[in-house]
Amino acid sequence: MKDTDFFFSALLKLVEGSSLSSPKFQDGLRLPHLRSQILLFPNCPFLFSHFHCSEMAMIDEPLYPIAVLIDELKNEDIQLRLNSIRRLSTIARALGEERTRKELIPFLSENNDDDDEVLLAMAEELGVFIPYVGGVEHANVLLPPLETLCTVEETCVRDKAVESLCRIGAQMREPDLVESFIPLVKRLAAGEWFTARVSSCGLFHIAYPSAPETLKTELRAIYSQLCQDDMPMVRRSAASNLGKFAATVEAAHLKADIMSIFEDLTQDDQDSVRLLAVEGCAALGKLLEPQDCVAHILPVIVNFSQDKSWRVRYMVANQLYELCEAVGPEPTRSDLVPAYVRLLRDNEAEVRIAAAGKVTKFCRILNPELAIQHILPCVKELSSDSSQHVRSALASVIMGMAPVLGKDATIDQLLPIFLSLLKDEFPDVRLNIISKLDQVNQVIGIDLLSQSLLPAIVELAEDRHWRVRLAIIEYIPLLASQLGVGFFDDKLGALCMQWLKDKVYSIRDAAANNVKRLAEEFGPDWAMQHIIPQVLDMINNPHYLYRMTILHAISLLAPVMGPEITCSKLLPVVINAAKDRVPNIKFNVAKVLQSLTPIVDQSVVDKTIRPCLVELSEDPDVDVRFFASQALQASDQIMMSS
Amino acid sequence: MNGIGGEEVTARAEPARPLEWKFAQVFGERAFGEEVQEVDIISAIEFDKTGDHLATGDRGGRVVLFNRTDTRDHGGNRRDLEMADYSPSRHPEFHYKTEFQSHEPEFDYLKSLEIEEKINKIRWCQTANSALFLLSTNDKTIKFWKVQEKKVKKVCDMNVDPSKALGNGIVCSSISTSSKPCIANGGCVNRTFNYLSTDFSFPPGGIPFLHLPRVMSHETSSVARCRRIYAHAHDYHINSISNNSDGETFISADDLRINLWNLEISSQSFNIVDVKPANMEDLTEVITSAEFHPSHCNMLAYSSSKGSIRLIDLRQSALCDTHCKLFEELEASTSRSFFTEIIASISDIKFSKDGRHLLSRDYMTLKLWDINMESVPVATFQVHEHLRPKLCDLYENDSIFDKFECCLSGDGLRVATGSYSNLFRVFGCSEGSTEATTLEANKNPMMRQVQTPSRPSRSLGSLSRVGRRGTDSSGADTNGNAFDFMTKLLHLAWHPTENSLACATSNSLYMYYA
């Protein structure tokens, strides 16, 4: 209640000041802020009673906050206006459905030259406003304010307004749609500024289905015009919404009208429009009959895959899987395989990156023979591509090809590629291979790889960039599970300990986590043999930062190892460290002890931990005393609750 | 060297008559002997696409906007128009609209580098509704501005009448004076929400005496808001920004790199050109200016300090380090001197409106290139030939590094560029045109024209014979020897649709029409 007291006194001052002579309160700016604070502490009943007796509030006490909320729709402070808009539904309920329709909504329509943040919030709120205006039969009153929001300059406001209009339109009754929604779409599409026309494109798929036949023809014609608009922004919006709109158009018109619109878009001068038409290929392809798809969409895709602009080809490479799905398996094999092979051999590295990243997904649609015959040679080329990013993209997916090609082909064909990528000079490439090791393990086992794996891991583990080292540490638990205990013990155990002594904190931190995850993977018994002794050994490191890492590792390991090992092995080390000469170690000991308290037996806490903490709580260093007393308090609480 | 095709063509076509330039307006005129403040010196000037708006930027980081007022008859302008003598040929007339502080001086602590607030370039973006959008840049940071007419509002009829409590009305204007959101414990807002929506049940008909505040609108005023800041992408000084015809991207060029941005995304940009050599000691050439083609979204041109212009095709590859066209005129090796490379450096390039031609300005000349002919410009106009004997002095006082801008008329028939002593020159570049006018940026621009010979020579010997009298403070002799190198006209812009020029001389903006 500390805060409420403050505001109470502030309010009292305010109320007393109603006869105001003090110049401080004549400054109108202060008041709204203070009033808004009342809203923050609504559970404090006496606040409102005070207002009741003041002449300032003519309004019943419980309504005061809502009155303020309404007033603040027009406050000078944008934050308060935002708050009010976010609670528009509350205001609407306070006004009732009828007055919401007749007053609030027109009010919002008129006051639309606000800041974009406020308009964005308004657009969002109005999308779920149907219950507050009296249900679906009154939904059309919500259209005018959203229509104006569809024309503002800020893209995100327009997008939100369109989204809200779609949401409302989807619930509206058919006659209402015809009467008010469709005219709205037409008005926007004929808007003077491009902003309105851009927004209109996203509304056709809601308007179209309920339109009568003549209107449908008109809507299709309007959409076709939008696709030829002077402004590239409008054409882009038309292109990206084409799929949605096409899905609502009858099959007959789809082939005639929509396909011709689409063809225009595919030949647009602006690369940015053609880019979006690529996405349209997949969307339209799914709507068309297979034979129409082959006749109309397939040539477009093949053309796009040879477009002058690398960005368009990049889009094709990126969308390839969806495009294949759209045209079906047979045309994919006959026509898209050559297109894909071209993309894999594209001049532009960006295109090859996109294409290389889809190689596994693409091969999954093909049968293994085709993949081996056509795709694999390209994959071999890509594995020695001049761009490291291409190799890296390839490395991140190539392991997935193993299950597709089967054991023999993997050993014959893929394994050499894996091995060469494992020796790549670029660490990302090696890391990507290692991260997907599990996929190949299922097919051919890890033995064939392990010879090359180890040098790769060791090299990464010692990379001079700490981010690379960090990345490989993240994969160690995965590697451990794939390689098995035996391999791990021989080769990788030493590395894990080495990271605990890394120069970079993030690496030591990750290394501590790593030993915990290893202990989880292989179990406490194994950890007792292979981790605990080595870790505990390092507590004697001359550098206090390394000793701190060990303390951290201990606190992580304790829950995994269980109370017994914790008491016998870990705890003594920690207690011992309490005598360290560095205060940082000592207060970390206090923290670790606090974390160990719930794990070990109460008797151990009483006998060992608490005495140690008591001793630390009398340390000359203030921080040590602080953390020690905190730990003591925590252990008191545990005692009390149990 | 006088490229346009020689004298024999003059007879064939009736060349466009030379324009009679008349003074139209001046903004920020200096009183005699008035000291010019450094921060007031205009450093960028740009018409928007329609020509209805003009923006200038200055060394103090401010952007000033002007509105064309002669085309529309609304409201307050009518009286002005009635009062003005109606001449049959109306010329563009601009009024001051608004100004705002675009950039502030900064300090880069990592590099111990002061960043000047000086506006290097302004570019207009697509107008939407009534709001104007423009990009402005200093050496390092590009900003996206939205300038909008906002109604000054008066809110009245509140539920909780503030006047009773205060004895004083609250006037809320929509222009926030940016009082910080003052919610003491910011996190509590949600709590209120819960309270109001759950603990409270309203009667089904609503509460009758609550009402919405009423808003009375009064006059409007222009408000500029910075919508986006594109920062930290340039290691060197930004010399150009240019919008793409697709309406969603723009480029920014510094000495060594060109970056491509999406207008909506300020957090990342793509490097498309990088001329930085692996070893900076091998550096021989820097980028001086860059511009997108006005209609082909994939083409962009950039100029270099070695006097070449490269046209690149963004479709070919993501990194456009290889050009698809190189416009370069090889200087005869005999005439080479110490200054050859310095004066070859191109200070500005501009595409013509139809995108067919490219205009470039180097220290001595203006060159007009056909983008289909790389080896030689279609026309070369001598601007500073008379200064050739003085290059040594110009080098010593650094004037030789002045960066003059150039511009083309909307119809592509004329080109213009600035010079010293507040002079600027307009040349006809249509076939057979002999137009070559020298004007001085003051209220009486044609004074100099009298002496300009009408012979079809492009060599501007004329300049040196111009007698300098009257208002000029430097008092040059008849040989033009004492050109006033301190008063230079670097920035000028041609109205996109009419024969109207805006020229900046230090802090003054002169407008001319013909």
# chains A, B, ... in the order shown; residues from 1 in each chain; ligands from 1
$ select_by_dssp --residues "stretch 65-198 of chain A" --states "helix (DSSP H, G or I)" --output "JSON, numbers by chain"
{"A": [65, 66, 67, 68, 69, 70, 71, 72, 73, 74, 78, 79, 80, 81, 82, 83, 84, 85, 86, 88, 89, 90, 91, 92, 93, 94, 95, 97, 98, 99, 100, 101, 102, 103, 104, 105, 106, 107, 108, 109, 110, 116, 117, 118, 119, 120, 121, 122, 123, 124, 125, 126, 130, 131, 132, 133, 136, 137, 138, 139, 140, 141, 142, 143, 144, 145, 146, 147, 148, 149, 155, 156, 157, 158, 159, 160, 161, 162, 163, 164, 165, 166, 167, 168, 169, 170, 171, 174, 175, 176, 177, 178, 179, 180, 181, 182, 183, 184, 185, 186, 187, 188, 189, 194, 195, 196, 197, 198]}
$ write_last_selection --atoms "C-alpha atoms" --output "tab-separated table (two decimals), in the first residue's frame"
chain	number	residue	atom	x	y	z
A	65	PRO	CA	-12.16	5.85	-13.84
A	66	ILE	CA	-14.29	5.19	-16.86
A	67	ALA	CA	-15.02	8.88	-17.24
A	68	VAL	CA	-11.33	9.58	-17.17
A	69	LEU	CA	-10.75	6.81	-19.66
A	70	ILE	CA	-13.18	8.42	-22.07
A	71	ASP	CA	-11.67	11.84	-21.63
A	72	GLU	CA	-8.24	10.49	-22.23
A	73	LEU	CA	-9.21	9.36	-25.72
A	74	LYS	CA	-8.24	12.92	-26.51
A	78	ILE	CA	0.01	9.71	-26.57
A	79	GLN	CA	0.54	7.04	-23.93
A	80	LEU	CA	-2.75	7.88	-22.27
A	81	ARG	CA	-4.56	7.98	-25.59
A	82	LEU	CA	-3.10	4.56	-26.36
A	83	ASN	CA	-4.30	3.24	-23.01
A	84	SER	CA	-7.79	4.51	-23.68
A	85	ILE	CA	-7.90	3.04	-27.16
A	86	ARG	CA	-6.70	-0.31	-25.85
A	88	LEU	CA	-12.12	0.80	-26.10
A	89	SER	CA	-14.31	-2.21	-25.31
A	90	THR	CA	-14.69	-0.99	-21.73
A	91	ILE	CA	-15.73	2.41	-22.94
A	92	ALA	CA	-18.17	0.81	-25.35
A	93	ARG	CA	-19.76	-1.24	-22.59
A	94	ALA	CA	-20.07	1.81	-20.42
A	95	LEU	CA	-21.83	3.69	-23.17
A	97	GLU	CA	-24.49	-0.72	-27.60
A	98	GLU	CA	-26.67	1.96	-29.06
A	99	ARG	CA	-24.55	4.90	-28.04
A	100	THR	CA	-21.45	3.00	-29.12
A	101	ARG	CA	-22.96	2.80	-32.58
A	102	LYS	CA	-24.26	6.33	-32.64
A	103	GLU	CA	-21.54	8.17	-30.80
A	104	LEU	CA	-18.36	6.23	-30.17
A	105	ILE	CA	-17.87	4.83	-33.66
A	106	PRO	CA	-18.57	8.15	-35.43
A	107	PHE	CA	-16.28	9.79	-32.92
A	108	LEU	CA	-13.50	7.39	-33.89
A	109	SER	CA	-14.17	7.93	-37.58
A	110	GLU	CA	-13.76	11.64	-37.19
A	116	ASP	CA	0.24	5.98	-36.06
A	117	GLU	CA	0.63	4.03	-32.84
A	118	VAL	CA	-2.83	5.08	-31.75
A	119	LEU	CA	-4.31	4.34	-35.16
A	120	LEU	CA	-2.72	0.91	-35.15
A	121	ALA	CA	-4.28	0.12	-31.78
A	122	MET	CA	-7.61	1.44	-33.01
A	123	ALA	CA	-7.49	-0.74	-36.12
A	124	GLU	CA	-6.78	-3.76	-33.98
A	125	GLU	CA	-9.53	-3.07	-31.41
A	126	LEU	CA	-12.17	-2.45	-34.04
A	130	ILE	CA	-18.80	-6.66	-33.18
A	131	PRO	CA	-20.11	-7.72	-29.72
A	132	TYR	CA	-19.97	-4.14	-28.47
A	133	VAL	CA	-22.02	-2.60	-31.23
A	136	VAL	CA	-23.41	-9.13	-36.31
A	137	GLU	CA	-26.52	-7.30	-37.53
A	138	HIS	CA	-24.83	-4.02	-36.67
A	139	ALA	CA	-21.37	-4.98	-37.88
A	140	ASN	CA	-21.56	-2.54	-40.78
A	141	VAL	CA	-21.23	0.48	-38.49
A	142	LEU	CA	-17.63	-0.61	-37.93
A	143	LEU	CA	-16.73	-0.26	-41.58
A	144	PRO	CA	-16.39	3.53	-41.92
A	145	PRO	CA	-13.63	4.02	-39.33
A	146	LEU	CA	-11.73	1.05	-40.72
A	147	GLU	CA	-12.16	2.33	-44.24
A	148	THR	CA	-10.39	5.55	-43.31
A	149	LEU	CA	-7.67	3.59	-41.56
A	155	THR	CA	1.80	0.40	-43.91
A	156	CYS	CA	1.35	-1.42	-40.62
A	157	VAL	CA	-1.80	0.57	-39.80
A	158	ARG	CA	-3.29	-0.20	-43.19
A	159	ASP	CA	-2.42	-3.87	-42.91
A	160	LYS	CA	-4.05	-4.08	-39.52
A	161	ALA	CA	-7.16	-2.27	-40.77
A	162	VAL	CA	-7.42	-4.68	-43.69
A	163	GLU	CA	-7.01	-7.61	-41.33
A	164	SER	CA	-9.76	-6.28	-39.08
A	165	LEU	CA	-12.05	-5.62	-42.03
A	166	CYS	CA	-11.54	-9.18	-43.22
A	167	ARG	CA	-12.32	-10.46	-39.76
A	168	ILE	CA	-15.53	-8.42	-39.60
A	169	GLY	CA	-16.47	-9.16	-43.18
A	170	ALA	CA	-16.14	-12.89	-42.54
A	171	GLN	CA	-18.85	-12.63	-39.87
A	174	GLU	CA	-24.61	-11.68	-46.88
A	175	PRO	CA	-27.07	-8.83	-47.55
A	176	ASP	CA	-24.97	-6.54	-45.37
A	177	LEU	CA	-21.87	-7.49	-47.28
A	178	VAL	CA	-23.55	-6.61	-50.54
A	179	GLU	CA	-24.96	-3.43	-49.15
A	180	SER	CA	-21.93	-2.02	-47.37
A	181	PHE	CA	-18.79	-4.16	-47.65
A	182	ILE	CA	-18.61	-4.50	-51.41
A	183	PRO	CA	-19.18	-0.76	-52.01
A	184	LEU	CA	-16.40	-0.13	-49.52
A	185	VAL	CA	-14.02	-2.35	-51.48
A	186	LYS	CA	-14.98	-0.56	-54.68
A	187	ARG	CA	-14.44	2.84	-53.14
A	188	LEU	CA	-11.01	1.87	-51.88
A	189	ALA	CA	-10.06	0.36	-55.23
A	194	PHE	CA	-2.33	4.54	-53.81
A	195	THR	CA	-2.71	3.73	-50.13
A	196	ALA	CA	-6.43	3.07	-50.53
A	197	ARG	CA	-5.90	0.96	-53.62
A	198	VAL	CA	-3.19	-1.07	-51.90
$ residues_around --residues "A:Ala471" --least-positions-apart "2" --cutoff "12 Å" --atoms "only C-alpha atoms" --output "list in words"
Pro427, Asp428, Val429, Arg430, Leu431, Asn432, Ile434, Ser435, Ile457, Leu460, Ala461, Glu462, Asp463, His465, Trp466, Arg467, Val468, Arg469, Ile473, Glu474, Tyr475, Ile476, Pro477, Ser506, Ile507, Ala510, Ala511 and Asn514 of chain A
$ closest_residue --among "B:Thr98, B:Asn129, B:Thr417, B:Ser352" --to "B:Ala55" --atoms "only C-alpha atoms"
B:Thr98
$ residues_around --residues "A:Pro338" --least-positions-apart "6" --cutoff "10 Å" --atoms "only C-alpha atoms" --output "PyMOL selection string"
chain A and resi 302+305+332+344+374-375
$ write_last_selection --atoms "N, CA and C atoms" --output "PDB file, in the first residue's frame"
ATOM      1  N   VAL A 302       8.963 -22.354 -65.406  1.00  0.00           N
ATOM      2  CA  VAL A 302      10.191 -22.606 -66.158  1.00  0.00           C
ATOM      3  C   VAL A 302      10.785 -21.288 -66.651  1.00  0.00           C
ATOM      4  N   SER A 305      12.382 -19.448 -63.842  1.00  0.00           N
ATOM      5  CA  SER A 305      13.655 -20.022 -63.412  1.00  0.00           C
ATOM      6  C   SER A 305      14.790 -19.554 -64.319  1.00  0.00           C
ATOM      7  N   THR A 332       6.961 -32.477 -62.414  1.00  0.00           N
ATOM      8  CA  THR A 332       8.160 -32.132 -61.654  1.00  0.00           C
ATOM      9  C   THR A 332       9.345 -32.868 -62.239  1.00  0.00           C
ATOM     10  N   LEU A 344      20.670 -24.805 -59.519  1.00  0.00           N
ATOM     11  CA  LEU A 344      21.817 -25.256 -58.721  1.00  0.00           C
ATOM     12  C   LEU A 344      23.128 -24.812 -59.344  1.00  0.00           C
ATOM     13  N   HIS A 374      20.475 -36.928 -61.634  1.00  0.00           N
ATOM     14  CA  HIS A 374      20.487 -35.506 -61.997  1.00  0.00           C
ATOM     15  C   HIS A 374      20.984 -34.589 -60.882  1.00  0.00           C
ATOM     16  N   ILE A 375      20.544 -34.886 -59.678  1.00  0.00           N
ATOM     17  CA  ILE A 375      20.807 -33.926 -58.607  1.00  0.00           C
ATOM     18  C   ILE A 375      22.190 -34.149 -57.998  1.00  0.00           C
TER      19      ILE A 375
END
$ atom_distance --atom1 "atom CA of A:Arg517" --atom2 "atom CA of A:Ala553"
10.9 Å
$ closest_residue --among "A:Gly357, A:Pro232, A:Pro209, A:Gly127" --to "chain B" --atoms "only C-alpha atoms"
A:Pro232
$ closest_residue --among "B:Ala44, B:Val36, B:Val64, B:Ile207" --to "B:Ser222" --atoms "only C-alpha atoms"
B:Val64
$ residues_around --residues "B:Ile122" --least-positions-apart "4" --cutoff "9 Å" --atoms "only C-alpha atoms" --output "JSON, numbers by chain"
{"B": [44, 45, 46, 55, 56, 57, 63, 134, 135, 136, 137, 240, 241, 242]}
$ write_last_selection --atoms "N, CA and C atoms" --output "mmCIF file, in the first residue's frame"
data_model
loop_
_atom_site.group_PDB
_atom_site.id
_atom_site.type_symbol
_atom_site.label_atom_id
_atom_site.label_comp_id
_atom_site.auth_asym_id
_atom_site.auth_seq_id
_atom_site.Cartn_x
_atom_site.Cartn_y
_atom_site.Cartn_z
ATOM 1 N N ALA B 44 21.803 21.454 -49.683
ATOM 2 C CA ALA B 44 21.078 20.488 -50.506
ATOM 3 C C ALA B 44 19.792 21.140 -50.973
ATOM 4 N N ILE B 45 19.344 20.758 -52.155
ATOM 5 C CA ILE B 45 18.147 21.382 -52.709
ATOM 6 C C ILE B 45 17.469 20.366 -53.617
ATOM 7 N N GLU B 46 16.158 20.263 -53.533
ATOM 8 C CA GLU B 46 15.498 19.206 -54.302
ATOM 9 C C GLU B 46 14.008 19.498 -54.494
ATOM 10 N N ALA B 55 12.440 21.330 -51.289
ATOM 11 C CA ALA B 55 13.071 21.198 -49.979
ATOM 12 C C ALA B 55 14.515 21.674 -50.065
ATOM 13 N N THR B 56 14.960 22.352 -49.036
ATOM 14 C CA THR B 56 16.379 22.671 -48.945
ATOM 15 C C THR B 56 16.896 22.173 -47.607
ATOM 16 N N GLY B 57 18.157 21.793 -47.601
ATOM 17 C CA GLY B 57 18.791 21.404 -46.349
ATOM 18 C C GLY B 57 19.966 22.334 -46.125
ATOM 19 N N VAL B 63 15.936 21.180 -42.413
ATOM 20 C CA VAL B 63 15.311 21.019 -43.710
ATOM 21 C C VAL B 63 14.168 22.021 -43.777
ATOM 22 N N LEU B 134 10.024 12.411 -47.100
ATOM 23 C CA LEU B 134 11.333 12.645 -47.701
ATOM 24 C C LEU B 134 12.448 12.015 -46.876
ATOM 25 N N LEU B 135 13.529 11.766 -47.595
ATOM 26 C CA LEU B 135 14.737 11.221 -46.973
ATOM 27 C C LEU B 135 15.762 12.344 -46.894
ATOM 28 N N SER B 136 16.419 12.447 -45.763
ATOM 29 C CA SER B 136 17.499 13.415 -45.659
ATOM 30 C C SER B 136 18.695 12.702 -45.059
ATOM 31 N N THR B 137 19.872 13.112 -45.463
ATOM 32 C CA THR B 137 21.049 12.435 -44.920
ATOM 33 C C THR B 137 22.159 13.429 -44.596
ATOM 34 N N SER B 240 25.451 10.401 -51.573
ATOM 35 C CA SER B 240 24.211 10.388 -52.338
ATOM 36 C C SER B 240 23.196 9.445 -51.719
ATOM 37 N N ILE B 241 21.943 9.805 -51.909
ATOM 38 C CA ILE B 241 20.869 8.844 -51.704
ATOM 39 C C ILE B 241 19.967 8.949 -52.921
ATOM 40 N N SER B 242 19.310 7.844 -53.269
ATOM 41 C CA SER B 242 18.461 7.877 -54.461
ATOM 42 C C SER B 242 17.361 6.831 -54.334
#
